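Engineer: work05.pdb is reproduced below (PDB, C-alpha atoms).
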ATOM      1  CA  MET A 231     -57.993   7.696 -66.030
ATOM      2  CA  THR A 232     -58.725   7.267 -62.410
ATOM      3  CA  LEU A 233     -56.262   8.528 -59.825
ATOM      4  CA  VAL A 234     -56.035   6.399 -56.797
ATOM      5  CA  LYS A 235     -54.799   8.167 -53.721
ATOM      6  CA  ASP A 236     -52.263   6.112 -51.833
ATOM      7  CA  SER A 237     -53.423   5.449 -48.333
ATOM      8  CA  PRO A 238     -50.914   6.266 -45.596
ATOM      9  CA  PRO A 239     -49.057   3.298 -44.178
ATOM     10  CA  ASP A 240     -50.574   1.741 -41.163
ATOM     11  CA  ALA A 241     -49.178   3.221 -37.981
ATOM     12  CA  PRO A 242     -47.266   0.749 -35.810
ATOM     13  CA  GLU A 243     -49.368  -0.854 -33.209
ATOM     14  CA  MET A 244     -48.949   0.983 -29.929
ATOM     15  CA  ARG A 245     -48.613  -1.290 -26.955
ATOM     16  CA  PRO A 246     -50.000  -0.068 -23.721
ATOM     17  CA  ALA A 247     -47.423   0.873 -21.137
ATOM     18  CA  ALA A 248     -46.659  -1.818 -18.637
ATOM     19  CA  PRO A 249     -48.520  -1.343 -15.393
ATOM     20  CA  VAL A 250     -46.614   0.144 -12.511
ATOM     21  CA  ALA A 251     -46.880  -3.069 -10.521
ATOM     22  CA  GLU A 252     -45.336  -5.067 -13.387
ATOM     23  CA  ARG A 253     -42.412  -2.647 -13.670
ATOM     24  CA  ARG A 254     -41.810  -2.885  -9.953
ATOM     25  CA  ARG A 255     -41.800  -6.677 -10.067
ATOM     26  CA  ARG A 256     -39.333  -6.606 -12.967
ATOM     27  CA  GLY A 257     -37.084  -4.195 -11.049
ATOM     28  CA  ARG A 258     -37.164  -6.425  -7.979
ATOM     29  CA  ARG A 259     -36.203  -9.453 -10.093
ATOM     30  CA  GLU A 260     -33.272  -7.555 -11.587
ATOM     31  CA  ASN A 261     -32.128  -6.391  -8.147
ATOM     32  CA  LEU A 262     -32.423  -9.940  -6.829
ATOM     33  CA  ALA A 263     -30.291 -11.235  -9.675
ATOM     34  CA  GLY A 264     -27.682  -8.551  -8.973
ATOM     35  CA  TYR A 265     -27.542  -9.385  -5.281
ATOM     36  CA  LEU A 266     -27.313 -13.082  -6.148
ATOM     37  CA  PHE A 267     -24.220 -12.488  -8.255
ATOM     38  CA  MET A 268     -22.759 -10.272  -5.515
ATOM     39  CA  SER A 269     -23.523 -12.735  -2.731
ATOM     40  CA  PRO A 270     -20.043 -14.414  -2.696
ATOM     41  CA  TRP A 271     -18.358 -11.030  -2.219
ATOM     42  CA  ILE A 272     -20.942  -9.894   0.348
ATOM     43  CA  ALA A 273     -20.530 -13.121   2.317
ATOM     44  CA  GLY A 274     -16.749 -12.819   2.204
ATOM     45  CA  PHE A 275     -16.870  -9.182   3.305
ATOM     46  CA  LEU A 276     -19.202  -9.903   6.223
ATOM     47  CA  LEU A 277     -17.429 -13.060   7.399
ATOM     48  CA  LEU A 278     -13.796 -12.145   6.723
ATOM     49  CA  THR A 279     -13.688  -8.348   7.041
ATOM     50  CA  ALA A 280     -16.651  -6.638   8.715
ATOM     51  CA  GLY A 281     -17.267  -9.410  11.252
ATOM     52  CA  PRO A 282     -13.645  -9.688  12.475
ATOM     53  CA  MET A 283     -13.343  -5.893  12.588
ATOM     54  CA  ALA A 284     -16.430  -5.588  14.761
ATOM     55  CA  ALA A 285     -15.191  -8.397  17.018
ATOM     56  CA  SER A 286     -11.727  -6.841  17.367
ATOM     57  CA  LEU A 287     -13.293  -3.481  18.259
ATOM     58  CA  TYR A 288     -15.196  -5.190  21.066
ATOM     59  CA  PHE A 289     -12.123  -7.147  22.222
ATOM     60  CA  ALA A 290     -10.112  -3.902  22.359
ATOM     61  CA  PHE A 291     -12.155  -2.926  25.420
ATOM     62  CA  THR A 292     -11.933  -6.317  27.111
ATOM     63  CA  ASP A 293      -9.471  -8.560  28.901
ATOM     64  CA  TYR A 294      -9.420 -11.537  26.548
ATOM     65  CA  ASN A 295      -6.797 -14.284  26.387
ATOM     66  CA  LEU A 296      -8.359 -16.652  23.798
ATOM     67  CA  PHE A 297      -9.078 -19.264  26.472
ATOM     68  CA  SER A 298     -11.723 -17.559  28.588
ATOM     69  CA  SER A 299     -14.687 -15.294  28.020
ATOM     70  CA  PRO A 300     -13.916 -11.609  27.368
ATOM     71  CA  ASN A 301     -14.136  -9.378  30.421
ATOM     72  CA  TRP A 302     -15.091  -5.733  29.785
ATOM     73  CA  ILE A 303     -12.409  -3.365  31.136
ATOM     74  CA  GLY A 304     -13.100  -0.174  29.180
ATOM     75  CA  PHE A 305     -10.043   1.861  28.123
ATOM     76  CA  ASP A 306      -7.552  -0.044  30.314
ATOM     77  CA  ASN A 307      -5.878  -1.635  27.280
ATOM     78  CA  PHE A 308      -5.240   1.763  25.733
ATOM     79  CA  THR A 309      -3.878   3.304  28.915
ATOM     80  CA  ALA A 310      -1.623   0.277  29.447
ATOM     81  CA  MET A 311      -0.494   0.542  25.839
ATOM     82  CA  PHE A 312       0.673   4.155  26.149
ATOM     83  CA  GLY A 313       2.627   3.263  29.280
ATOM     84  CA  ASP A 314       4.312   0.206  27.733
ATOM     85  CA  PRO A 315       7.989   0.891  26.861
ATOM     86  CA  ARG A 316       8.031  -1.876  24.240
ATOM     87  CA  TRP A 317       4.951  -0.400  22.554
ATOM     88  CA  GLN A 318       6.725   2.939  22.416
ATOM     89  CA  LYS A 319       9.774   1.182  20.968
ATOM     90  CA  SER A 320       7.630  -0.453  18.281
ATOM     91  CA  VAL A 321       6.207   2.938  17.299
ATOM     92  CA  GLU A 322       9.718   4.375  17.100
ATOM     93  CA  VAL A 323      11.056   1.498  14.972
ATOM     94  CA  THR A 324       8.059   1.575  12.621
ATOM     95  CA  ALA A 325       8.267   5.351  12.168
ATOM     96  CA  LYS A 326      11.990   5.106  11.406
ATOM     97  CA  TYR A 327      11.370   2.346   8.886
ATOM     98  CA  VAL A 328       8.595   4.319   7.146
ATOM     99  CA  VAL A 329      10.527   7.602   7.040
ATOM    100  CA  ILE A 330      13.699   5.997   5.636
ATOM    101  CA  GLY A 331      12.415   3.119   3.523
ATOM    102  CA  THR A 332       9.489   4.722   1.688
ATOM    103  CA  PRO A 333      11.356   7.729   0.174
ATOM    104  CA  LEU A 334      14.335   5.576  -0.859
ATOM    105  CA  LYS A 335      12.056   3.045  -2.522
ATOM    106  CA  LEU A 336      10.158   5.728  -4.437
ATOM    107  CA  LEU A 337      13.341   7.536  -5.499
ATOM    108  CA  LEU A 338      14.809   4.336  -6.898
ATOM    109  CA  ALA A 339      11.530   3.433  -8.598
ATOM    110  CA  LEU A 340      11.293   6.858 -10.236
ATOM    111  CA  GLY A 341      14.938   6.783 -11.341
ATOM    112  CA  VAL A 342      14.616   3.383 -12.992
ATOM    113  CA  ALA A 343      11.287   4.392 -14.555
ATOM    114  CA  LEU A 344      12.974   7.435 -16.138
ATOM    115  CA  LEU A 345      15.589   5.151 -17.652
ATOM    116  CA  LEU A 346      13.053   2.622 -18.916
ATOM    117  CA  ALA A 347      10.856   5.354 -20.415
ATOM    118  CA  GLN A 348      13.511   5.882 -23.080
ATOM    119  CA  SER A 349      13.330   3.684 -26.168
ATOM    120  CA  ARG A 350      16.060   1.056 -26.181
ATOM    121  CA  ARG A 351      16.605  -2.548 -27.176
ATOM    122  CA  GLY A 352      15.500  -5.214 -24.735
ATOM    123  CA  GLN A 353      13.179  -2.813 -22.944
ATOM    124  CA  GLY A 354      10.620  -5.508 -22.183
ATOM    125  CA  PHE A 355      13.273  -7.722 -20.599
ATOM    126  CA  TYR A 356      14.525  -4.923 -18.356
ATOM    127  CA  ARG A 357      11.014  -4.072 -17.219
ATOM    128  CA  ALA A 358      10.308  -7.689 -16.301
ATOM    129  CA  ALA A 359      13.669  -8.060 -14.557
ATOM    130  CA  PHE A 360      13.184  -4.958 -12.421
ATOM    131  CA  TYR A 361       9.606  -5.918 -11.585
ATOM    132  CA  ALA A 362      10.415  -9.506 -10.567
ATOM    133  CA  PRO A 363      11.571  -8.677  -6.985
ATOM    134  CA  SER A 364       8.131  -7.232  -6.232
ATOM    135  CA  LEU A 365       6.607 -10.631  -6.978
ATOM    136  CA  ILE A 366       8.912 -12.683  -4.769
ATOM    137  CA  GLY A 367      10.149 -10.159  -2.208
ATOM    138  CA  ALA A 368       7.367 -10.754   0.307
ATOM    139  CA  SER A 369       7.882 -14.526   0.438
ATOM    140  CA  VAL A 370       9.296 -16.253   3.512
ATOM    141  CA  SER A 371      12.031 -17.886   1.449
ATOM    142  CA  VAL A 372      13.391 -14.487   0.409
ATOM    143  CA  GLY A 373      13.419 -13.480   4.075
ATOM    144  CA  PHE A 374      15.654 -16.467   4.864
ATOM    145  CA  VAL A 375      17.924 -15.610   1.929
ATOM    146  CA  TRP A 376      18.134 -12.002   3.097
ATOM    147  CA  ARG A 377      19.027 -13.127   6.595
ATOM    148  CA  ALA A 378      21.790 -15.326   5.199
ATOM    149  CA  LEU A 379      23.168 -12.503   3.030
ATOM    150  CA  PHE A 380      23.422 -10.061   5.941
ATOM    151  CA  SER A 381      24.735 -12.498   8.564
ATOM    152  CA  ASP A 382      28.293 -12.512   9.931
ATOM    153  CA  ASP A 383      30.929 -13.526   7.374
ATOM    154  CA  ALA A 384      28.267 -13.676   4.628
ATOM    155  CA  ALA A 385      28.228 -11.977   1.234
ATOM    156  CA  VAL A 386      27.474  -8.442   2.466
ATOM    157  CA  ASP A 387      29.952  -8.694   5.330
ATOM    158  CA  ARG A 388      32.718  -9.873   2.991
ATOM    159  CA  ALA A 389      31.961  -7.124   0.475
ATOM    160  CA  GLN A 390      32.184  -4.509   3.235
ATOM    161  CA  SER A 391      35.444  -5.973   4.503
ATOM    162  CA  PHE A 392      36.882  -5.861   0.980
ATOM    163  CA  LEU A 393      36.013  -2.141   0.867
ATOM    164  CA  GLY A 394      37.543  -1.564   4.289
ATOM    165  CA  LEU A 395      34.251  -1.335   6.210
ATOM    166  CA  HIS A 396      34.461  -3.766   9.124
ATOM    167  CA  THR A 397      30.937  -3.517  10.565
ATOM    168  CA  GLY A 398      30.207  -7.225  10.743
ATOM    169  CA  GLY A 399      26.889  -8.796   9.832
ATOM    170  CA  TRP A 400      23.913  -6.481   9.872
ATOM    171  CA  VAL A 401      21.488  -9.078  11.241
ATOM    172  CA  GLY A 402      23.281  -9.422  14.564
ATOM    173  CA  ASP A 403      23.945  -5.707  15.061
ATOM    174  CA  PRO A 404      21.101  -3.649  16.634
ATOM    175  CA  ASN A 405      22.447  -0.535  14.921
ATOM    176  CA  TRP A 406      22.304  -2.028  11.425
ATOM    177  CA  VAL A 407      19.651  -4.739  11.335
ATOM    178  CA  LEU A 408      16.802  -2.315  10.566
ATOM    179  CA  TYR A 409      18.707  -1.091   7.515
ATOM    180  CA  SER A 410      18.720  -4.631   6.174
ATOM    181  CA  LEU A 411      14.906  -4.458   6.222
ATOM    182  CA  VAL A 412      15.065  -1.078   4.488
ATOM    183  CA  ALA A 413      17.318  -2.610   1.824
ATOM    184  CA  LEU A 414      14.821  -5.416   1.352
ATOM    185  CA  THR A 415      11.874  -3.077   0.847
ATOM    186  CA  VAL A 416      13.882  -0.825  -1.496
ATOM    187  CA  TRP A 417      14.818  -3.897  -3.529
ATOM    188  CA  GLN A 418      11.097  -4.452  -4.152
ATOM    189  CA  PHE A 419      10.639  -1.206  -6.105
ATOM    190  CA  GLY A 420       9.043  -2.887  -9.140
ATOM    191  CA  ALA A 421       5.388  -2.059  -8.422
ATOM    192  CA  PRO A 422       5.808   1.723  -7.996
ATOM    193  CA  MET A 423       8.250   1.680 -10.916
ATOM    194  CA  VAL A 424       5.559   0.345 -13.250
ATOM    195  CA  ILE A 425       3.104   2.994 -12.048
ATOM    196  CA  PHE A 426       5.697   5.736 -12.559
ATOM    197  CA  LEU A 427       6.438   4.374 -16.014
ATOM    198  CA  ALA A 428       2.758   4.542 -16.960
ATOM    199  CA  GLY A 429       2.618   8.151 -15.788
ATOM    200  CA  LEU A 430       5.756   9.106 -17.729
ATOM    201  CA  LYS A 431       4.275   7.681 -20.908
ATOM    202  CA  GLN A 432       1.368  10.137 -20.597
ATOM    203  CA  VAL A 433       3.562  13.255 -20.583
ATOM    204  CA  PRO A 434       3.280  14.977 -24.009
ATOM    205  CA  LYS A 435       6.592  15.030 -25.859
ATOM    206  CA  GLU A 436       5.737  18.460 -27.252
ATOM    207  CA  LEU A 437       6.358  19.956 -23.817
ATOM    208  CA  TYR A 438       9.912  18.619 -23.733
ATOM    209  CA  GLU A 439      10.578  19.793 -27.287
ATOM    210  CA  ALA A 440       9.338  23.300 -26.525
ATOM    211  CA  ALA A 441      11.383  23.470 -23.333
ATOM    212  CA  GLU A 442      14.485  22.251 -25.150
ATOM    213  CA  VAL A 443      14.042  24.950 -27.799
ATOM    214  CA  ASP A 444      13.843  27.526 -24.982
ATOM    215  CA  GLY A 445      17.180  26.270 -23.675
ATOM    216  CA  ALA A 446      15.975  24.294 -20.645
ATOM    217  CA  GLY A 447      18.426  21.618 -19.519
ATOM    218  CA  PRO A 448      17.600  18.080 -18.374
ATOM    219  CA  LEU A 449      17.246  19.021 -14.695
ATOM    220  CA  ARG A 450      15.073  22.013 -15.516
ATOM    221  CA  ARG A 451      12.828  19.899 -17.765
ATOM    222  CA  PHE A 452      12.521  17.272 -15.049
ATOM    223  CA  TRP A 453      11.643  19.827 -12.355
ATOM    224  CA  SER A 454       9.311  21.991 -14.419
ATOM    225  CA  ILE A 455       7.639  19.410 -16.676
ATOM    226  CA  THR A 456       8.086  15.832 -15.517
ATOM    227  CA  LEU A 457       7.361  16.246 -11.806
ATOM    228  CA  PRO A 458       4.239  18.433 -12.203
ATOM    229  CA  MET A 459       2.845  16.174 -14.926
ATOM    230  CA  ILE A 460       3.323  12.960 -12.933
ATOM    231  CA  SER A 461       2.409  14.488  -9.552
ATOM    232  CA  PRO A 462      -0.926  12.555  -9.368
ATOM    233  CA  VAL A 463       0.981   9.310  -9.955
ATOM    234  CA  LEU A 464       3.603  10.357  -7.411
ATOM    235  CA  PHE A 465       0.880  11.073  -4.854
ATOM    236  CA  PHE A 466      -0.696   7.668  -5.476
ATOM    237  CA  ASN A 467       2.635   5.900  -4.983
ATOM    238  CA  VAL A 468       3.463   7.872  -1.839
ATOM    239  CA  LEU A 469       0.076   7.037  -0.347
ATOM    240  CA  LEU A 470       0.204   3.363  -1.285
ATOM    241  CA  GLU A 471       3.786   2.743  -0.190
ATOM    242  CA  THR A 472       3.354   4.626   3.090
ATOM    243  CA  ILE A 473       0.352   2.501   4.049
ATOM    244  CA  HIS A 474       2.236  -0.619   2.974
ATOM    245  CA  SER A 475       5.266   0.332   5.100
ATOM    246  CA  PHE A 476       3.152   0.672   8.227
ATOM    247  CA  GLN A 477       2.040  -2.942   7.748
ATOM    248  CA  ILE A 478       5.494  -4.539   7.542
ATOM    249  CA  PHE A 479       5.615  -7.878   9.340
ATOM    250  CA  GLY A 480       6.858 -10.895   7.381
ATOM    251  CA  SER A 481      10.337  -9.648   6.515
ATOM    252  CA  ALA A 482      10.985  -8.325  10.034
ATOM    253  CA  TYR A 483       9.741 -11.547  11.612
ATOM    254  CA  VAL A 484      11.814 -13.829   9.383
ATOM    255  CA  VAL A 485      15.021 -11.787   9.205
ATOM    256  CA  SER A 486      15.049 -11.456  13.011
ATOM    257  CA  ASN A 487      14.525 -15.238  13.366
ATOM    258  CA  THR A 488      11.053 -14.649  14.927
ATOM    259  CA  THR A 489      12.532 -12.582  17.796
ATOM    260  CA  CYS A 490      12.009  -9.059  16.390
ATOM    261  CA  GLY A 491      15.525  -8.361  17.627
ATOM    262  CA  PRO A 492      18.291  -8.121  18.462
ATOM    263  CA  ALA A 493      17.487  -5.804  21.384
ATOM    264  CA  ASP A 494      14.075  -5.062  19.814
ATOM    265  CA  ALA A 495      15.849  -3.360  16.890
ATOM    266  CA  THR A 496      13.324  -4.816  14.432
ATOM    267  CA  LEU A 497      10.338  -4.633  16.776
ATOM    268  CA  VAL A 498       8.003  -3.124  14.217
ATOM    269  CA  TYR A 499       4.433  -2.421  15.283
ATOM    270  CA  THR A 500       2.839  -5.503  13.753
ATOM    271  CA  CYS A 501       5.553  -7.750  15.145
ATOM    272  CA  TYR A 502       4.813  -6.570  18.681
ATOM    273  CA  LEU A 503       1.090  -6.904  17.979
ATOM    274  CA  TYR A 504       1.663 -10.533  16.968
ATOM    275  CA  GLN A 505       3.688 -11.208  20.103
ATOM    276  CA  LYS A 506       1.030  -9.767  22.402
ATOM    277  CA  GLY A 507      -1.859 -11.500  20.655
ATOM    278  CA  PHE A 508      -0.551 -14.969  19.842
ATOM    279  CA  LYS A 509       2.525 -15.517  22.000
ATOM    280  CA  GLU A 510       1.303 -13.872  25.193
ATOM    281  CA  SER A 511      -2.414 -14.535  24.510
ATOM    282  CA  GLN A 512      -3.372 -10.934  25.260
ATOM    283  CA  MET A 513      -5.867 -10.647  22.442
ATOM    284  CA  GLY A 514      -7.637  -7.653  23.977
ATOM    285  CA  PHE A 515      -4.379  -5.688  24.128
ATOM    286  CA  ALA A 516      -3.500  -6.767  20.575
ATOM    287  CA  SER A 517      -6.923  -5.665  19.317
ATOM    288  CA  ALA A 518      -6.419  -2.253  20.891
ATOM    289  CA  MET A 519      -3.030  -2.048  19.155
ATOM    290  CA  ALA A 520      -4.634  -2.934  15.826
ATOM    291  CA  TRP A 521      -7.173  -0.137  16.118
ATOM    292  CA  MET A 522      -4.472   2.350  17.082
ATOM    293  CA  LEU A 523      -2.586   1.347  13.940
ATOM    294  CA  LEU A 524      -5.737   1.869  11.883
ATOM    295  CA  LEU A 525      -6.201   5.341  13.385
ATOM    296  CA  ALA A 526      -2.551   6.221  12.741
ATOM    297  CA  VAL A 527      -2.753   5.137   9.097
ATOM    298  CA  ALA A 528      -6.021   7.033   8.681
ATOM    299  CA  LEU A 529      -4.413  10.166  10.145
ATOM    300  CA  VAL A 530      -1.374   9.922   7.862
ATOM    301  CA  THR A 531      -3.677   9.354   4.884
ATOM    302  CA  ALA A 532      -5.741  12.412   5.791
ATOM    303  CA  VAL A 533      -2.573  14.531   6.058
ATOM    304  CA  LEU A 534      -1.402  13.335   2.642
ATOM    305  CA  PHE A 535      -4.762  14.146   1.071
ATOM    306  CA  TRP A 536      -4.696  17.573   2.702
ATOM    307  CA  SER A 537      -1.158  18.265   1.460
ATOM    308  CA  GLN A 538      -1.882  17.269  -2.133
ATOM    309  CA  LYS A 539      -3.551  20.633  -2.747
ATOM    310  CA  ARG A 540      -0.106  22.233  -2.552
ATOM    311  CA  TRP A 541       1.908  19.959  -4.840
ATOM    312  CA  VAL A 542      -0.381  17.700  -6.894
ATOM    313  CA  HIS A 543      -1.524  19.118 -10.225
ATOM    314  CA  TYR A 544      -4.532  17.623 -12.009
ATOM    315  CA  GLU A 545      -5.683  18.374 -15.536
ATOM    316  CA  GLU A 546      -8.942  19.830 -14.196
ATOM    317  CA  ASP A 547      -6.948  22.486 -12.311
ATOM    318  CA  ALA A 548      -5.373  23.751 -15.526
ATOM    319  CA  ARG A 549      -8.714  24.376 -17.215
TER     320      ARG A 549
END
As structure tokens - that is how I would like this structure written.

Structural biologist:
Amino acid sequence: MTLVKDSPPDAPEMRPAAPVAERRRRGRRENLAGYLFMSPWIAGFLLLTAGPMAASLYFAFTDYNLFSSPNWIGFDNFTAMFGDPRWQKSVEVTAKYVVIGTPLKLLLALGVALLLAQSRRGQGFYRAAFYAPSLIGASVSVGFVWRALFSDDAAVDRAQSFLGLHTGGWVGDPNWVLYSLVALTVWQFGAPMVIFLAGLKQVPKELYEAAEVDGAGPLRRFWSITLPMISPVLFFNVLLETIHSFQIFGSAYVVSNTTCGPADATLVYTCYLYQKGFKESQMGFASAMAWMLLLAVALVTAVLFWSQKRWVHYEEDAR
């Protein structure tokens, strides 16, 4: 009997490594394909964002009225800006709007989110209903409706009179018209509400159960568990809504009937910027205003990021 030793299976054929030049050509083709797919975004960024920003930075140091060539004047626009009483008024009105409107909007959004986080019938309907104003609130038509509601002898005026508050229409009163804009922005609390709701859903229920066993009441559980756990979401909403409040324009322009009044009571920063740039054709001055707004928003953002170390708690910090 003859034993035949099985021969080992043939080893797979080893292909020589691709030359370095071939790999480089393949990498260049892949990069070219990537840039080709990105080209619409790159073109849009250069033409609609980077290009106008660079042009506005140049115009900020020029005397430019849209009808003649820009004339370089250095920092004259900025010095004139700081000495302009209406510019100072626009800063004051914008700061007041941001300080009052943003906290009220976030408080209402968080309160409604806490209610919607509980299981109840028709929850989907309530979420959609509360979110709807955020979709339509920025439209011009809503601005006209808001102006009609807060005019003399309109719905709000009649409701106040019924309650014994005879203040008249808010739109025509310099002391009250800004609060109508605050009411409009607070009414659009749907977007931060949804973000708060997503954060509340991530809080472990075991923490609430343990705190309840220890005798912690609702307020204590909210202060010691809910707020620390959703602090990153709260920080995100504060940052986003603050930046958004600095950019208010449409509602102030429409509610004031394009005057930013009465008596400059709704002269928010962007409204005055629009007046200087497109009504008075002082595009250089308006460009300088735009860059000052950018610096102000950047400064506020930096302060918020610096402050988050004291009150924002991330999961990485607990490890």

Engineer: List the residues matched by the PyMOL selection byres ((chain A and resi 496) around 9) in the displayed structure as JSON, numbers by chain, ordered by chain and then by residue number.

Structural biologist: {"A": [320, 323, 324, 404, 407, 408, 411, 482, 483, 485, 486, 489, 490, 491, 492, 493, 494, 495, 497, 498, 501]}

Engineer: Mind giving me the straight-line distance from CA of Met283 in chain A to CA of Ala516 in chain A in Å, one decimal?

Structural biologist: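 Distance reported for this atom pair: 12.7 Å.
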
Engineer: Could you tell me how far CA of Met423 in chain A sits from CA of Ala440 in chain A, in Å to one decimal place?

Structural biologist: 26.7 Å

Engineer: Suppose a student applies the PyMOL selection byres ((chain A and resi 448-452) around 12) to this structure; what residues should they get, written as a VMD selection string?

Structural biologist: chain A and resid 340 to 341 344 430 433 435 to 447 453 to 461

Engineer: Would you mind exporting the chosen residues as a CSV table (one decimal), in the frame of the given file, restricted to C-alpha atoms?

Structural biologist:
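Okay, selection38.csv is ready:
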chain,number,residue,atom,x,y,z
A,340,LEU,CA,11.3,6.9,-10.2
A,341,GLY,CA,14.9,6.8,-11.3
A,344,LEU,CA,13.0,7.4,-16.1
A,430,LEU,CA,5.8,9.1,-17.7
A,433,VAL,CA,3.6,13.3,-20.6
A,435,LYS,CA,6.6,15.0,-25.9
A,436,GLU,CA,5.7,18.5,-27.3
A,437,LEU,CA,6.4,20.0,-23.8
A,438,TYR,CA,9.9,18.6,-23.7
A,439,GLU,CA,10.6,19.8,-27.3
A,440,ALA,CA,9.3,23.3,-26.5
A,441,ALA,CA,11.4,23.5,-23.3
A,442,GLU,CA,14.5,22.3,-25.2
A,443,VAL,CA,14.0,25.0,-27.8
A,444,ASP,CA,13.8,27.5,-25.0
A,445,GLY,CA,17.2,26.3,-23.7
A,446,ALA,CA,16.0,24.3,-20.6
A,447,GLY,CA,18.4,21.6,-19.5
A,453,TRP,CA,11.6,19.8,-12.4
A,454,SER,CA,9.3,22.0,-14.4
A,455,ILE,CA,7.6,19.4,-16.7
A,456,THR,CA,8.1,15.8,-15.5
A,457,LEU,CA,7.4,16.2,-11.8
A,458,PRO,CA,4.2,18.4,-12.2
A,459,MET,CA,2.8,16.2,-14.9
A,460,ILE,CA,3.3,13.0,-12.9
A,461,SER,CA,2.4,14.5,-9.6

Engineer: Quick one: residues within 12 Å of Ile425 in chain A, only C-alpha atoms counted, chain neighbours fewer than 3 positions away excluded, as an mmCIF file with C-alpha atoms, keeping the file's coordinate frame?

Structural biologist:
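Once written, part.cif looks like this:
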data_model
loop_
_atom_site.group_PDB
_atom_site.id
_atom_site.type_symbol
_atom_site.label_atom_id
_atom_site.label_comp_id
_atom_site.auth_asym_id
_atom_site.auth_seq_id
_atom_site.Cartn_x
_atom_site.Cartn_y
_atom_site.Cartn_z
ATOM 1 C CA LEU A 336 10.158 5.728 -4.437
ATOM 2 C CA ALA A 339 11.530 3.433 -8.598
ATOM 3 C CA LEU A 340 11.293 6.858 -10.236
ATOM 4 C CA VAL A 342 14.616 3.383 -12.992
ATOM 5 C CA ALA A 343 11.287 4.392 -14.555
ATOM 6 C CA LEU A 344 12.974 7.435 -16.138
ATOM 7 C CA ALA A 347 10.856 5.354 -20.415
ATOM 8 C CA ARG A 357 11.014 -4.072 -17.219
ATOM 9 C CA TYR A 361 9.606 -5.918 -11.585
ATOM 10 C CA PHE A 419 10.639 -1.206 -6.105
ATOM 11 C CA GLY A 420 9.043 -2.887 -9.140
ATOM 12 C CA ALA A 421 5.388 -2.059 -8.422
ATOM 13 C CA PRO A 422 5.808 1.723 -7.996
ATOM 14 C CA ALA A 428 2.758 4.542 -16.960
ATOM 15 C CA GLY A 429 2.618 8.151 -15.788
ATOM 16 C CA LEU A 430 5.756 9.106 -17.729
ATOM 17 C CA LYS A 431 4.275 7.681 -20.908
ATOM 18 C CA GLN A 432 1.368 10.137 -20.597
ATOM 19 C CA ILE A 460 3.323 12.960 -12.933
ATOM 20 C CA SER A 461 2.409 14.488 -9.552
ATOM 21 C CA PRO A 462 -0.926 12.555 -9.368
ATOM 22 C CA VAL A 463 0.981 9.310 -9.955
ATOM 23 C CA LEU A 464 3.603 10.357 -7.411
ATOM 24 C CA PHE A 465 0.880 11.073 -4.854
ATOM 25 C CA PHE A 466 -0.696 7.668 -5.476
ATOM 26 C CA ASN A 467 2.635 5.900 -4.983
ATOM 27 C CA VAL A 468 3.463 7.872 -1.839
ATOM 28 C CA LEU A 470 0.204 3.363 -1.285
ATOM 29 C CA GLU A 471 3.786 2.743 -0.190
#

Engineer: When you draw a straight line from CA of Phe291 in chain A to CA of Trp317 in chain A, how long is it in Å?

Structural biologist: 17.5 Å

Engineer: Hey, which of A:Lys509, A:Ser475, A:Glu545, A:Gly480 ends up closest to Val329 in chain A? Count all atoms listed in the file.

Structural biologist: A:Ser475

Engineer: What does the PyMOL selection byres ((chain A and resi 303) around 8) select in this file, as JSON, numbers by chain?

Structural biologist: {"A": [291, 292, 293, 301, 302, 304, 305, 306, 307]}

Engineer: For Leu334 in chain A, which of A:Ser391, A:Ser381, A:Asn295, A:Thr472 is the closest residue, counting only C-alpha atoms?

Structural biologist: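 Checking each of A:Ser391, A:Ser381, A:Asn295, A:Thr472 against Leu334 in chain A, counting only C-alpha atoms, the winner is A:Thr472.
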
Engineer: Calculated over all atoms listed in the file, which of the candidates A:Met513, A:Val530, A:Ala520, A:Phe312 has the smallest distance to Phe297 in chain A?

Structural biologist: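 Going through A:Met513, A:Val530, A:Ala520, A:Phe312 one by one, the smallest distance to Phe297 in chain A is for A:Met513.
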
Engineer: For Phe476 in chain A, which residue among A:Ala290, A:Val328, A:Leu395, A:Ala368 is the nearest when counting only C-alpha atoms?

Structural biologist: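 The shortest atom-to-atom distance to Phe476 in chain A comes from A:Val328.
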
Engineer: I need the residue nearest Lys335 in chain A from this list: A:His474, A:His396, A:Lys319, A:Lys539. Use only C-alpha atoms for the distance.

Structural biologist: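 Closest candidate: A:His474.
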
Engineer: Compare A:Phe515, A:Tyr544, A:Trp406, A:Phe479 by their minimum atom-to-atom distance to Ser369 in chain A, counting only C-alpha atoms, and give me the closest one.

Structural biologist: A:Phe479
